[in-house]
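Raw input_30.cif, mmCIF, C-alpha atoms:
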```cif
data_upload
#
loop_
_atom_site.label_atom_id
_atom_site.label_comp_id
_atom_site.auth_asym_id
_atom_site.auth_seq_id
_atom_site.Cartn_x
_atom_site.Cartn_y
_atom_site.Cartn_z
CA MET C 3 0.00 0.00 0.00
CA LYS C 4 2.87 2.39 0.79
CA LYS C 5 4.33 1.64 -2.64
CA LEU C 6 0.99 2.57 -4.22
CA LEU C 7 0.88 5.89 -2.41
CA PHE C 8 4.49 6.61 -3.35
CA PHE C 9 3.60 5.91 -6.97
CA LEU C 10 0.65 8.27 -6.80
CA LEU C 11 2.63 11.02 -5.09
CA LEU C 12 5.22 10.96 -7.86
CA PHE C 13 2.62 12.59 -10.10
CA THR C 14 1.22 15.10 -7.63
CA ASN C 15 0.64 18.53 -9.18
CA THR C 16 2.36 17.53 -12.42
CA ILE C 17 -0.66 17.05 -14.68
CA SER C 18 -2.93 19.72 -16.05
CA LEU C 19 -5.29 20.26 -18.92
CA SER C 20 -2.78 22.53 -20.59
CA LYS C 21 -0.42 19.66 -21.36
CA ALA C 22 -0.91 16.58 -23.50
CA GLN C 23 -1.42 13.60 -21.21
CA SER C 24 -2.05 9.95 -21.85
CA LEU C 25 -5.02 8.03 -20.54
CA GLU C 26 -2.80 6.25 -17.99
CA GLU C 27 -1.67 9.59 -16.57
CA TYR C 28 -5.28 10.67 -16.16
CA PHE C 29 -5.86 7.40 -14.26
CA VAL C 30 -3.18 8.47 -11.79
CA MET C 31 -4.58 11.98 -11.56
CA ALA C 32 -8.09 10.68 -10.87
CA ALA C 33 -6.79 8.34 -8.16
CA GLU C 34 -5.04 11.30 -6.54
CA ASN C 35 -7.96 13.71 -6.71
CA ASN C 36 -11.12 11.64 -6.37
CA PRO C 37 -12.65 12.14 -2.88
CA LYS C 38 -14.33 8.70 -2.88
CA VAL C 39 -11.02 6.92 -3.50
CA GLN C 40 -9.30 9.05 -0.89
CA ALA C 41 -12.08 8.44 1.65
CA ASP C 42 -11.96 4.67 1.14
CA TYR C 43 -8.21 4.69 1.65
CA LYS C 44 -8.66 6.69 4.86
CA GLU C 45 -11.12 4.03 6.06
CA PHE C 46 -8.45 1.41 5.41
CA GLU C 47 -5.91 3.43 7.41
CA ILE C 48 -8.40 3.82 10.26
CA ALA C 49 -9.04 0.07 10.27
CA LEU C 50 -5.29 -0.57 10.50
CA GLN C 51 -5.10 1.53 13.65
CA LYS C 52 -7.71 -0.67 15.31
CA ILE C 53 -5.38 -3.68 15.18
CA ALA C 54 -3.03 -2.20 17.76
CA GLN C 55 -5.97 -1.15 19.93
CA VAL C 56 -7.61 -4.57 20.23
CA ASN C 57 -4.30 -6.36 20.82
CA ALA C 58 -3.60 -4.48 24.07
CA LEU C 59 -4.30 -5.66 27.60
CA PRO C 60 -6.73 -3.66 29.73
CA ASN C 61 -5.07 -1.05 31.92
CA PRO C 62 -3.87 -2.27 35.31
CA THR C 63 -5.67 -0.85 38.35
CA LEU C 64 -3.94 0.77 41.31
CA SER C 65 -5.94 1.23 44.51
CA LEU C 66 -4.81 3.30 47.49
CA GLY C 67 -6.49 3.41 50.88
CA TYR C 68 -5.94 4.91 54.30
CA PHE C 69 -7.58 3.55 57.45
CA LEU C 70 -9.26 6.40 59.29
CA SER C 71 -9.60 4.00 62.19
CA PRO C 72 -6.46 1.84 62.15
CA ILE C 73 -7.03 -1.87 62.35
CA GLU C 74 -5.25 -3.27 65.33
CA THR C 75 -3.40 -6.57 64.82
CA ARG C 76 -1.09 -8.60 66.97
CA VAL C 77 1.99 -7.00 65.39
CA GLY C 78 0.63 -3.46 65.19
CA ALA C 79 -1.99 -1.20 63.70
CA GLN C 80 -2.62 -1.28 59.92
CA ARG C 81 -2.48 2.30 58.64
CA ALA C 82 -2.66 2.26 54.81
CA ARG C 83 -3.19 -0.10 51.92
CA ALA C 84 -2.06 -0.18 48.25
CA GLU C 85 -3.20 -2.70 45.65
CA LEU C 86 -2.01 -3.24 42.06
CA ALA C 87 -4.02 -5.65 39.85
CA GLN C 88 -4.09 -6.71 36.20
CA MET C 89 -6.87 -8.59 34.40
CA PHE C 90 -6.04 -11.00 31.57
CA PRO C 91 -8.58 -12.22 29.01
CA TRP C 92 -8.81 -15.95 28.39
CA PHE C 93 -6.03 -17.55 26.38
CA GLY C 94 -6.28 -16.65 22.68
CA THR C 95 -8.80 -13.83 23.12
CA LEU C 96 -6.40 -11.05 22.13
CA GLN C 97 -5.18 -13.02 19.11
CA ALA C 98 -8.77 -13.61 18.00
CA LYS C 99 -9.51 -9.88 18.28
CA GLU C 100 -6.36 -9.04 16.32
CA ASN C 101 -7.36 -11.49 13.57
CA LEU C 102 -10.81 -9.89 13.40
CA ALA C 103 -9.39 -6.36 13.13
CA ALA C 104 -6.88 -7.45 10.47
CA LEU C 105 -9.63 -9.05 8.38
CA GLN C 106 -11.80 -5.94 8.69
CA ALA C 107 -8.86 -3.84 7.53
CA GLU C 108 -8.33 -6.18 4.58
CA ALA C 109 -12.00 -5.77 3.63
CA MET C 110 -11.53 -1.99 3.68
CA TYR C 111 -8.48 -2.34 1.43
CA GLN C 112 -10.47 -4.39 -1.10
CA ARG C 113 -13.16 -1.70 -1.03
CA PHE C 114 -10.48 0.89 -1.77
CA LEU C 115 -9.21 -1.19 -4.72
CA ASN C 116 -12.73 -1.43 -6.11
CA SER C 117 -13.20 2.35 -5.80
CA LYS C 118 -9.90 2.88 -7.62
CA ASN C 119 -10.96 0.50 -10.40
CA GLN C 120 -14.33 2.20 -10.60
CA ILE C 121 -12.76 5.61 -11.06
CA PHE C 122 -10.41 4.21 -13.73
CA TYR C 123 -13.43 2.84 -15.58
CA GLY C 124 -15.20 6.19 -15.14
CA VAL C 125 -12.20 8.02 -16.59
CA SER C 126 -12.24 5.68 -19.60
CA THR C 127 -15.96 6.21 -20.24
CA ALA C 128 -15.44 9.98 -20.13
CA TYR C 129 -12.14 10.04 -22.05
CA TYR C 130 -12.98 7.88 -25.06
CA PRO C 131 -16.06 9.94 -26.12
CA LEU C 132 -13.85 13.04 -26.11
CA TYR C 133 -11.29 11.26 -28.25
CA GLU C 134 -14.09 10.03 -30.51
CA LEU C 135 -15.31 13.61 -30.87
CA GLN C 136 -11.85 14.76 -31.92
CA LYS C 137 -11.69 12.06 -34.60
CA LEU C 138 -15.19 12.87 -35.84
CA LYS C 139 -14.21 16.53 -36.19
CA GLU C 140 -11.14 15.51 -38.18
CA ILE C 141 -13.30 13.40 -40.50
CA GLU C 142 -15.82 16.20 -40.93
CA ASN C 143 -13.05 18.68 -41.72
CA GLN C 144 -11.69 16.32 -44.35
CA ASN C 145 -15.20 15.96 -45.76
CA ILE C 146 -15.55 19.74 -45.97
CA GLU C 147 -12.25 20.05 -47.85
CA ILE C 148 -13.34 17.33 -50.28
CA LEU C 149 -16.71 19.01 -50.83
CA LYS C 150 -14.98 22.34 -51.46
CA THR C 151 -12.86 20.64 -54.09
CA TYR C 152 -16.00 19.14 -55.64
CA LYS C 153 -17.65 22.56 -55.60
CA ASN C 154 -14.71 24.15 -57.40
CA ILE C 155 -14.77 21.41 -60.03
CA ALA C 156 -18.56 21.66 -60.46
CA THR C 157 -18.33 25.47 -60.74
CA THR C 158 -15.54 25.25 -63.33
CA LYS C 159 -17.49 22.73 -65.41
CA PHE C 160 -20.59 24.91 -65.23
CA GLU C 161 -18.62 27.99 -66.33
CA ASN C 162 -17.17 25.99 -69.22
CA GLY C 163 -20.60 24.73 -70.22
CA GLN C 164 -19.75 21.14 -69.33
CA GLY C 165 -21.97 20.83 -66.28
CA SER C 166 -25.23 21.91 -64.72
CA MET C 167 -25.79 24.60 -62.11
CA VAL C 168 -27.73 21.95 -60.21
CA ASN C 169 -24.46 20.18 -59.41
CA VAL C 170 -23.06 23.37 -57.87
CA LEU C 171 -26.19 23.84 -55.78
CA ARG C 172 -26.18 20.20 -54.66
CA VAL C 173 -22.60 20.33 -53.41
CA ASN C 174 -23.27 23.70 -51.82
CA ILE C 175 -26.19 22.25 -49.83
CA MET C 176 -24.00 19.35 -48.66
CA LEU C 177 -21.20 21.73 -47.79
CA LYS C 178 -23.48 23.80 -45.57
CA GLU C 179 -24.75 20.63 -43.91
CA ALA C 180 -21.16 19.47 -43.25
CA MET C 181 -20.25 22.85 -41.74
CA THR C 182 -23.32 22.70 -39.51
CA ASN C 183 -22.39 19.19 -38.39
CA LEU C 184 -18.88 20.38 -37.56
CA GLU C 185 -20.24 23.26 -35.53
CA MET C 186 -22.53 20.89 -33.61
CA LEU C 187 -19.56 18.66 -32.85
CA ARG C 188 -17.65 21.65 -31.51
CA LYS C 189 -20.56 22.61 -29.26
CA LYS C 190 -20.78 19.02 -28.01
CA GLU C 191 -17.21 19.19 -26.74
CA GLN C 192 -17.84 21.43 -23.73
CA PRO C 193 -20.36 19.17 -21.90
CA LEU C 194 -18.16 16.13 -22.58
CA LEU C 195 -15.14 18.02 -21.28
CA SER C 196 -17.05 19.13 -18.19
CA ARG C 197 -17.99 15.53 -17.45
CA PHE C 198 -14.37 14.42 -17.89
CA LYS C 199 -13.10 17.13 -15.55
CA GLN C 200 -15.71 16.15 -12.98
CA VAL C 201 -14.68 12.48 -13.10
CA VAL C 202 -10.97 13.26 -12.80
CA ASN C 203 -11.74 16.13 -10.38
CA LEU C 204 -9.50 18.43 -12.37
CA LYS C 205 -8.75 21.85 -11.00
CA GLU C 206 -8.26 24.18 -13.93
CA GLU C 207 -4.92 25.96 -13.90
CA THR C 208 -5.08 29.46 -15.37
CA GLU C 209 -2.85 32.42 -14.79
CA ASN C 210 -5.81 34.69 -14.24
CA LYS C 211 -8.44 32.94 -12.12
CA LYS C 212 -10.98 35.64 -12.93
CA ASP C 213 -10.73 35.04 -16.65
CA GLN C 214 -13.86 32.97 -17.09
CA ASN C 215 -13.60 32.94 -20.86
CA LYS C 216 -10.16 31.41 -20.62
CA LYS C 217 -11.52 28.71 -18.33
CA GLU C 218 -14.37 27.92 -20.66
CA ASN C 219 -12.00 27.59 -23.61
CA LEU C 220 -9.71 25.06 -21.97
CA LYS C 221 -9.21 22.05 -24.20
CA LEU C 222 -8.16 18.49 -23.55
CA ASN C 223 -4.87 17.91 -25.31
CA PHE C 224 -4.31 14.30 -26.24
CA SER C 225 -0.91 12.67 -25.97
CA PRO C 226 0.82 11.77 -29.25
CA SER C 227 0.94 8.20 -27.94
CA ASP C 228 -2.87 8.19 -28.17
CA SER C 229 -2.92 8.88 -31.91
CA THR C 230 -4.11 5.32 -32.58
CA LEU C 231 -5.90 4.88 -29.26
CA LEU C 232 -9.23 3.79 -30.75
CA GLN C 233 -7.52 1.36 -33.12
CA LYS C 234 -6.16 -0.83 -30.32
CA SER C 235 -7.54 -4.34 -30.57
CA TYR C 236 -7.18 -7.44 -28.45
CA SER C 237 -7.34 -11.13 -29.11
CA PHE C 238 -10.86 -12.30 -28.38
CA THR C 239 -9.39 -15.50 -26.96
CA ASP C 240 -7.22 -13.52 -24.54
CA LEU C 241 -10.20 -11.46 -23.45
CA ALA C 242 -12.28 -14.57 -22.89
CA LEU C 243 -9.53 -16.12 -20.78
CA GLN C 244 -9.87 -13.24 -18.33
CA LYS C 245 -12.93 -15.04 -16.99
CA ASP C 246 -10.57 -17.12 -14.85
CA SER C 247 -9.46 -14.01 -13.01
CA LEU C 248 -13.00 -12.67 -12.69
CA LEU C 249 -13.80 -14.77 -9.62
CA ILE C 250 -10.27 -14.69 -8.23
CA ASN C 251 -9.14 -11.07 -8.38
CA ASN C 252 -12.36 -9.08 -8.30
CA PRO C 253 -12.16 -6.72 -5.27
CA ILE C 254 -15.92 -6.83 -4.65
CA LEU C 255 -15.86 -10.62 -4.28
CA GLU C 256 -12.63 -10.41 -2.30
CA GLU C 257 -14.23 -7.94 0.09
CA LEU C 258 -17.26 -10.18 0.62
CA GLU C 259 -15.03 -13.23 1.13
CA THR C 260 -13.00 -11.29 3.68
CA GLN C 261 -16.22 -10.22 5.39
CA ILE C 262 -17.19 -13.90 5.70
CA LYS C 263 -13.83 -14.66 7.30
CA ALA C 264 -14.21 -11.63 9.55
CA SER C 265 -17.63 -12.90 10.68
CA GLN C 266 -16.07 -16.24 11.51
CA ALA C 267 -13.38 -14.42 13.51
CA LYS C 268 -16.13 -12.40 15.21
CA GLU C 269 -17.83 -15.64 16.27
CA GLU C 270 -14.57 -16.88 17.75
CA VAL C 271 -14.16 -13.59 19.63
CA ALA C 272 -17.69 -13.97 21.04
CA ILE C 273 -16.82 -17.46 22.26
CA LYS C 274 -13.59 -16.25 23.85
CA GLU C 275 -15.34 -13.28 25.47
CA GLY C 276 -17.70 -15.71 27.19
CA LEU C 277 -14.81 -17.48 28.93
CA PRO C 278 -13.54 -16.39 32.36
CA LYS C 279 -11.06 -13.57 32.75
CA ILE C 280 -8.16 -14.06 35.11
CA GLY C 281 -6.80 -11.36 37.38
CA VAL C 282 -3.56 -11.23 39.34
CA GLY C 283 -2.36 -8.59 41.72
CA ILE C 284 -0.52 -7.73 44.87
CA THR C 285 -1.63 -5.91 48.03
CA TYR C 286 0.69 -4.01 50.33
CA ILE C 287 -0.45 -2.93 53.84
CA THR C 288 1.62 -0.72 56.12
CA THR C 289 1.68 -1.67 59.79
CA SER C 290 2.94 0.54 62.65
CA LYS C 291 4.94 -0.99 65.50
CA ARG C 292 3.40 -1.64 68.86
CA THR C 293 4.93 0.43 71.63
CA ASP C 294 3.46 -1.45 74.59
CA MET C 295 5.45 -4.63 73.98
CA ASP C 296 8.23 -6.10 71.86
CA LEU C 297 7.05 -8.94 69.60
CA PRO C 298 8.65 -10.91 66.82
CA GLN C 299 7.93 -9.22 63.45
CA ASN C 300 6.57 -6.19 65.34
CA GLY C 301 5.32 -3.60 62.84
CA LYS C 302 5.98 -5.85 59.83
CA ASP C 303 4.15 -4.69 56.70
CA VAL C 304 1.86 -7.11 54.87
CA ILE C 305 2.52 -8.23 51.29
CA MET C 306 -0.30 -10.32 49.87
CA PRO C 307 -0.40 -11.82 46.32
CA MET C 308 -3.92 -11.99 44.89
CA ALA C 309 -5.74 -13.84 42.13
CA SER C 310 -9.26 -13.38 40.81
CA ILE C 311 -11.48 -14.83 38.12
CA SER C 312 -14.56 -13.37 36.45
CA LEU C 313 -17.58 -15.63 36.25
CA SER C 314 -19.41 -15.32 32.91
CA ILE C 315 -22.71 -16.55 34.24
CA TYR C 316 -24.93 -14.25 32.18
CA ARG C 317 -24.70 -16.09 28.87
CA LYS C 318 -27.41 -14.45 26.80
CA LYS C 319 -25.24 -11.67 25.41
CA TYR C 320 -22.48 -14.08 24.42
CA LYS C 321 -24.91 -16.46 22.71
CA ALA C 322 -26.53 -13.52 20.93
CA ALA C 323 -23.10 -12.29 19.73
CA GLN C 324 -22.29 -15.76 18.37
CA LYS C 325 -25.66 -15.97 16.61
CA GLN C 326 -25.15 -12.50 15.13
CA ALA C 327 -21.77 -13.54 13.73
CA GLN C 328 -23.27 -16.71 12.24
CA LEU C 329 -26.05 -14.72 10.57
CA GLU C 330 -23.49 -12.28 9.17
CA GLN C 331 -21.60 -15.20 7.63
CA GLU C 332 -24.80 -16.33 5.90
CA LEU C 333 -25.56 -12.75 4.82
CA PHE C 334 -22.17 -12.16 3.21
CA GLN C 335 -22.22 -15.60 1.58
CA LEU C 336 -25.56 -14.81 -0.06
CA LYS C 337 -24.28 -11.41 -1.15
CA LYS C 338 -21.21 -13.04 -2.65
CA GLU C 339 -23.29 -15.55 -4.60
CA ASP C 340 -25.55 -12.78 -5.90
CA LYS C 341 -22.59 -10.59 -6.91
CA THR C 342 -20.90 -13.58 -8.58
CA ASN C 343 -23.98 -14.22 -10.71
CA GLU C 344 -24.21 -10.53 -11.57
CA LEU C 345 -20.54 -10.37 -12.59
CA LEU C 346 -20.77 -13.50 -14.73
CA THR C 347 -23.84 -12.10 -16.49
CA SER C 348 -22.08 -8.78 -17.10
CA TYR C 349 -19.00 -10.62 -18.31
CA ASP C 350 -20.94 -12.63 -20.90
CA LYS C 351 -22.70 -9.49 -22.14
CA ILE C 352 -19.39 -7.64 -22.49
CA LEU C 353 -17.89 -10.50 -24.49
CA PHE C 354 -20.92 -10.43 -26.80
CA ASP C 355 -20.57 -6.66 -27.23
CA LEU C 356 -16.84 -6.98 -27.97
CA GLN C 357 -17.43 -9.65 -30.59
CA LYS C 358 -20.21 -7.59 -32.19
CA GLN C 359 -18.06 -4.45 -32.23
CA GLN C 360 -15.12 -6.31 -33.77
CA ASP C 361 -17.39 -7.74 -36.48
CA LEU C 362 -18.88 -4.33 -37.27
CA ILE C 363 -15.47 -2.66 -37.43
CA LYS C 364 -14.28 -5.34 -39.85
CA LEU C 365 -17.46 -4.91 -41.93
CA TYR C 366 -17.16 -1.11 -42.11
CA ASN C 367 -13.50 -1.30 -43.10
CA GLU C 368 -14.37 -3.61 -45.98
CA GLN C 369 -17.27 -1.37 -47.02
CA ILE C 370 -15.02 1.69 -46.97
CA LYS C 371 -12.51 0.01 -49.28
CA GLU C 372 -15.22 -0.99 -51.76
CA SER C 373 -17.00 2.38 -51.51
CA GLU C 374 -13.75 4.29 -52.10
CA GLN C 375 -13.11 2.13 -55.17
CA ILE C 376 -16.59 2.95 -56.48
CA LEU C 377 -16.02 6.62 -55.66
CA ARG C 378 -12.80 6.74 -57.64
CA LEU C 379 -14.57 5.21 -60.67
CA LEU C 380 -17.50 7.61 -60.40
CA TYR C 381 -15.19 10.59 -59.98
CA SER C 382 -13.18 9.53 -63.00
CA ALA C 383 -16.38 9.23 -65.06
CA TYR C 384 -17.53 12.65 -63.92
CA SER C 385 -14.15 14.24 -64.66
CA ASN C 386 -14.16 12.78 -68.17
CA ALA C 387 -17.82 13.02 -69.15
CA GLY C 388 -19.38 15.31 -66.54
CA VAL C 389 -22.06 12.75 -65.62
CA ASP C 390 -23.16 11.03 -62.38
CA PHE C 391 -22.11 13.93 -60.16
CA GLU C 392 -25.04 13.17 -57.85
CA GLU C 393 -23.69 9.61 -57.44
CA VAL C 394 -20.25 11.00 -56.64
CA LEU C 395 -21.72 13.09 -53.83
CA ARG C 396 -23.85 10.23 -52.54
CA MET C 397 -20.93 7.82 -52.49
CA GLN C 398 -18.73 10.42 -50.76
CA GLN C 399 -21.33 10.74 -48.00
CA GLN C 400 -21.56 6.95 -47.75
CA VAL C 401 -17.79 6.72 -47.21
CA LEU C 402 -18.10 9.46 -44.60
CA SER C 403 -20.88 7.55 -42.86
CA TYR C 404 -18.79 4.35 -42.68
CA GLN C 405 -15.81 6.29 -41.35
CA LYS C 406 -17.94 7.75 -38.58
CA LYS C 407 -19.44 4.36 -37.75
CA ILE C 408 -15.98 2.86 -37.40
CA ILE C 409 -14.94 5.59 -34.98
CA MET C 410 -18.08 5.10 -32.90
CA GLU C 411 -17.71 1.30 -32.83
CA GLN C 412 -14.03 1.65 -31.91
CA THR C 413 -15.06 3.90 -29.03
CA ALA C 414 -17.68 1.42 -27.86
CA TYR C 415 -15.10 -1.36 -28.17
CA GLN C 416 -12.54 0.43 -25.98
CA ILE C 417 -15.19 1.23 -23.36
CA SER C 418 -16.21 -2.44 -23.31
CA VAL C 419 -12.57 -3.42 -22.81
CA ALA C 420 -12.34 -0.90 -19.97
CA GLU C 421 -15.44 -2.42 -18.35
CA LEU C 422 -13.94 -5.89 -18.73
CA ASN C 423 -10.72 -4.68 -17.10
CA TYR C 424 -12.79 -3.28 -14.26
CA LEU C 425 -14.58 -6.58 -13.69
CA THR C 426 -11.34 -8.58 -13.80
CA HIS C 427 -9.27 -6.07 -11.79
CA LYS C 428 -6.77 -5.67 -14.63
CA ASN C 429 -6.00 -1.95 -14.14
#
```
As structure tokens - that is how I would like this structure written.
Amino acid sequence: MKKLLFFLLLFTNTISLSKAQSLEEYFVMAAENNPKVQADYKEFEIALQKIAQVNALPNPTLSLGYFLSPIETRVGAQRARAELAQMFPWFGTLQAKENLAALQAEAMYQRFLNSKNQIFYGVSTAYYPLYELQKLKEIENQNIEILKTYKNIATTKFENGQGSMVNVLRVNIMLKEAMTNLEMLRKKEQPLLSRFKQVVNLKEETENKKDQNKKENLKLNFSPSDSTLLQKSYSFTDLALQKDSLLINNPILEELETQIKASQAKEEVAIKEGLPKIGVGITYITTSKRTDMDLPQNGKDVIMPMASISLSIYRKKYKAAQKQAQLEQELFQLKKEDKTNELLTSYDKILFDLQKQQDLIKLYNEQIKESEQILRLLYSAYSNAGVDFEEVLRMQQQVLSYQKKIIMEQTAYQISVAELNYLTHKN
């Protein structure tokens, strides 16, 4: 755990929106800044402190007394009394309590790991749509440049009497539509960026904090290493094999399993608490010498070892504590079974989504290749004979549509992989 914190601290205050950062660096930043992750780690630290508390003996007791009316004995009058005593729980009680506290701390640690994985998944679901938006804007810009080229060609052919004014108007309509689409994509960026900053809990760094316009215009700069981020693919077989780690490494299941063990430890503690407690001590009594006669051991002080034992005769509370621990074991076992079924169902759905997304990406790539081939033929025919310009425009928009669909499916694919990594604790 200390190594994890050291790793996180290495990046403290080094990441901002003004610099290009990779997705992994935003993971670190989110782990540093997210209050839920920080709170869960604090709970783990608090639970660790309880281990030392439960492993300690109760405080010894020191009693002091003075006889207002001295007790006369054969060897003199007893004047004062001091007693030091220590109670000891039954053998193994402290170890049982320490085991319980350690298991509770381990459960808190697993909860922290799950929160960290959750925030990593949340960062992915906020980051990939932003990256998708950037790619869609690039595609739309390319489309606008192509349409401008088509418009120039159509205008030239019309001026030379080789084409119709209708072709110029058609491409002009499509050009306006493309520009409108680009503007809508630009407007979509701000809410997506706001969501991303909320997930990562980014604090905007500006030289002038009062410059609201500057804040609003902050952009997310992507790392050059992310240039092919959406194109990453994984072997479906390798992804399917992660099912083995689903039930082994998942922090939610690990937490519930640890809670079951903690309940078993709690039952053992209840049993130990119901056993007698042993006390040992020593009493010291001061005795003044007799002045009326001289006796052997005259005025000798009294030293008396003591032993005590607590009698646990009221058994109801101990039996109730044991029953409570047994019920908690059943509760956490049922929760674990329910969560296992839920995870397996989610896992199967994710694998289906991944397979579907891979198939669609493959299909769209093939359709783009064929559509671009058709487009080149149509463009060549139009350049030579000035015919089928409407088909050229239609095919150009079809290529554009497939390009956009690929980007969207690639985004959905990466989010599915991120969800799978969350379920299998792969981050």
Result set, the PyMOL selection byres ((chain C and resi 89) around 7) on current file, as an mmCIF file with C-alpha atoms, in the frame of the given file:
```cif
data_model
loop_
_atom_site.group_PDB
_atom_site.id
_atom_site.type_symbol
_atom_site.label_atom_id
_atom_site.label_comp_id
_atom_site.auth_asym_id
_atom_site.auth_seq_id
_atom_site.Cartn_x
_atom_site.Cartn_y
_atom_site.Cartn_z
ATOM 1 C CA PRO C 60 -6.730 -3.660 29.730
ATOM 2 C CA ALA C 87 -4.020 -5.650 39.850
ATOM 3 C CA GLN C 88 -4.090 -6.710 36.200
ATOM 4 C CA PHE C 90 -6.040 -11.000 31.570
ATOM 5 C CA PRO C 91 -8.580 -12.220 29.010
ATOM 6 C CA LYS C 279 -11.060 -13.570 32.750
ATOM 7 C CA ILE C 280 -8.160 -14.060 35.110
ATOM 8 C CA GLY C 281 -6.800 -11.360 37.380
ATOM 9 C CA VAL C 282 -3.560 -11.230 39.340
#
```
Using all atoms listed in the file, I'd like a table of the residues in stretch 69-142 of chain C that come within 10 Å of stretch 298-311 of chain C; for each, show the closest atom pair and its distance in Å rounded to one decimal, ordered by chain and ascending number, as CSV.
```
residue,atom,partner,partner_atom,distance
C:Thr75,CA,C:Gly301,CA,9.4
C:Arg76,CA,C:Asn300,CA,8.2
C:Val77,CA,C:Asn300,CA,4.7
C:Gly78,CA,C:Gly301,CA,5.2
C:Ala79,CA,C:Gly301,CA,7.7
C:Gln80,CA,C:Asp303,CA,8.2
C:Arg81,CA,C:Asp303,CA,9.8
C:Ala82,CA,C:Asp303,CA,9.9
C:Arg83,CA,C:Val304,CA,9.1
C:Ala84,CA,C:Ile305,CA,9.7
C:Glu85,CA,C:Met306,CA,9.2
C:Leu86,CA,C:Met308,CA,9.4
C:Ala87,CA,C:Met308,CA,8.1
C:Gln88,CA,C:Ala309,CA,9.4
C:Met89,CA,C:Ser310,CA,8.4
C:Phe90,CA,C:Ile311,CA,9.3
C:Pro91,CA,C:Ile311,CA,9.9
```
Original post:
With distances taken over all atoms listed in the file, which of C:Met31, C:Leu353, C:Leu377, C:Ile417 is nearest to C:Gly124?
Top reply: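 Of C:Met31, C:Leu353, C:Leu377, C:Ile417, the one nearest C:Gly124, counting all atoms listed in the file, is C:Ile417.
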**OP:** Name the closest residue to C:Thr95 among the candidates C:Leu380, C:Ala323, C:Ala414, C:Val271; distances are taken between atoms, counting only C-alpha atoms.
**Re:**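 Comparing C:Leu380, C:Ala323, C:Ala414, C:Val271 against C:Thr95, the winner is C:Val271.
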Original post:
Could you write out as a list in words the residues that the PyMOL selection byres ((chain C and resi 55) around 12) matches in the shown file?
Top reply: Ile48, Ala49, Leu50, Gln51, Lys52, Ile53, Ala54, Val56, Asn57, Ala58, Leu59, Pro60, Leu96, Gln97, Lys99, Glu100, Leu102, Ala103 and Ala104 of chain C
**OP:** List, as a ChimeraX atom specification, every residue that the PyMOL selection byres ((chain C and resi 152-163) around 12) selects in the file provided.
**Re:** /C:145-151,164-178,381,384-392,394-395,398
Subject >> Point-to-point distance from atom CA of C:Glu257 to atom CA of C:Ala109, Å rounded to tenths >> reply: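 Computed distance, atom CA of C:Glu257 to atom CA of C:Ala109, equals 4.7 Å.
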**OP:** Quick one: pull the distance between atom CA of C:Ile408 and atom CA of C:Leu187, Å, one decimal.
**Re:**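 Going from atom CA of C:Ile408 over to atom CA of C:Leu187 covers 16.8 Å.
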Original post:
Between C:Leu66, C:Ala322, C:Ile315, C:Val201, which has the minimum distance to C:Val125 (counting only C-alpha atoms)?
Top reply: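 With only C-alpha atoms as the atom set, the closest residue is C:Val201.
Rounded to one decimal, atom CA of C:Thr347 and atom CA of C:Gln106 lie 28.6 Å from each other.
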Which neighbours of C:Glu332 fall inside 12 Å, counting all atoms listed in the file, when residues of the same chain fewer than 6 positions from it are skipped, and could you give them as a compact mmCIF listing (two decimals) with C-alpha atoms, keeping the file's coordinate frame?
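Printed below is result02.txt as written:
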```txt
# COMPACT_ATOMS: atom_id res chain seq x y z
CA LEU C 258 -17.26 -10.18 0.62
CA GLU C 259 -15.03 -13.23 1.13
CA GLN C 261 -16.22 -10.22 5.39
CA ILE C 262 -17.19 -13.90 5.70
CA LYS C 263 -13.83 -14.66 7.30
CA SER C 265 -17.63 -12.90 10.68
CA GLN C 266 -16.07 -16.24 11.51
CA LYS C 325 -25.66 -15.97 16.61
CA GLN C 326 -25.15 -12.50 15.13
CA LYS C 338 -21.21 -13.04 -2.65
CA GLU C 339 -23.29 -15.55 -4.60
```
Original post:
Do you know which residues are at most 12 Å from C:Gln369 counting only C-alpha atoms, after dropping those on the same chain fewer than 3 positions away, and could you put them as a list in words?
Top reply: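 Skipping anything fewer than 3 positions along the chain leaves Leu362, Ile363, Lys364, Leu365, Tyr366, Glu372, Ser373, Glu374, Gln375, Ile376, Leu377, Met397, Gln400, Val401, Leu402, Ser403, Tyr404, Gln405, Lys407 and Ile408 of chain C.
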Subject >> Residue with smallest distance to C:Ala32 - pool C:Gln360, C:Thr293, C:Thr342, C:Ser126, counting all atoms listed in the file >> reply: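 Looking at the shortest contact to C:Ala32, the residue is C:Ser126.
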Starting from the incomplete input, reconstruct N, CA and C atoms of stretch 111-115 of chain C and report them as an mmCIF file, keeping the file's coordinate frame.
```cif
data_model
loop_
_atom_site.group_PDB
_atom_site.id
_atom_site.type_symbol
_atom_site.label_atom_id
_atom_site.label_comp_id
_atom_site.auth_asym_id
_atom_site.auth_seq_id
_atom_site.Cartn_x
_atom_site.Cartn_y
_atom_site.Cartn_z
ATOM 1 N N TYR C 111 -9.466 -2.489 2.519
ATOM 2 C CA TYR C 111 -8.480 -2.340 1.430
ATOM 3 C C TYR C 111 -9.085 -2.807 0.103
ATOM 4 N N GLN C 112 -9.822 -3.912 0.123
ATOM 5 C CA GLN C 112 -10.470 -4.390 -1.100
ATOM 6 C C GLN C 112 -11.518 -3.387 -1.584
ATOM 7 N N ARG C 113 -12.193 -2.732 -0.649
ATOM 8 C CA ARG C 113 -13.160 -1.700 -1.030
ATOM 9 C C ARG C 113 -12.443 -0.521 -1.699
ATOM 10 N N PHE C 114 -11.283 -0.170 -1.168
ATOM 11 C CA PHE C 114 -10.480 0.890 -1.770
ATOM 12 C C PHE C 114 -10.056 0.509 -3.190
ATOM 13 N N LEU C 115 -9.606 -0.736 -3.381
ATOM 14 C CA LEU C 115 -9.210 -1.190 -4.720
ATOM 15 C C LEU C 115 -10.379 -1.113 -5.688
#
```
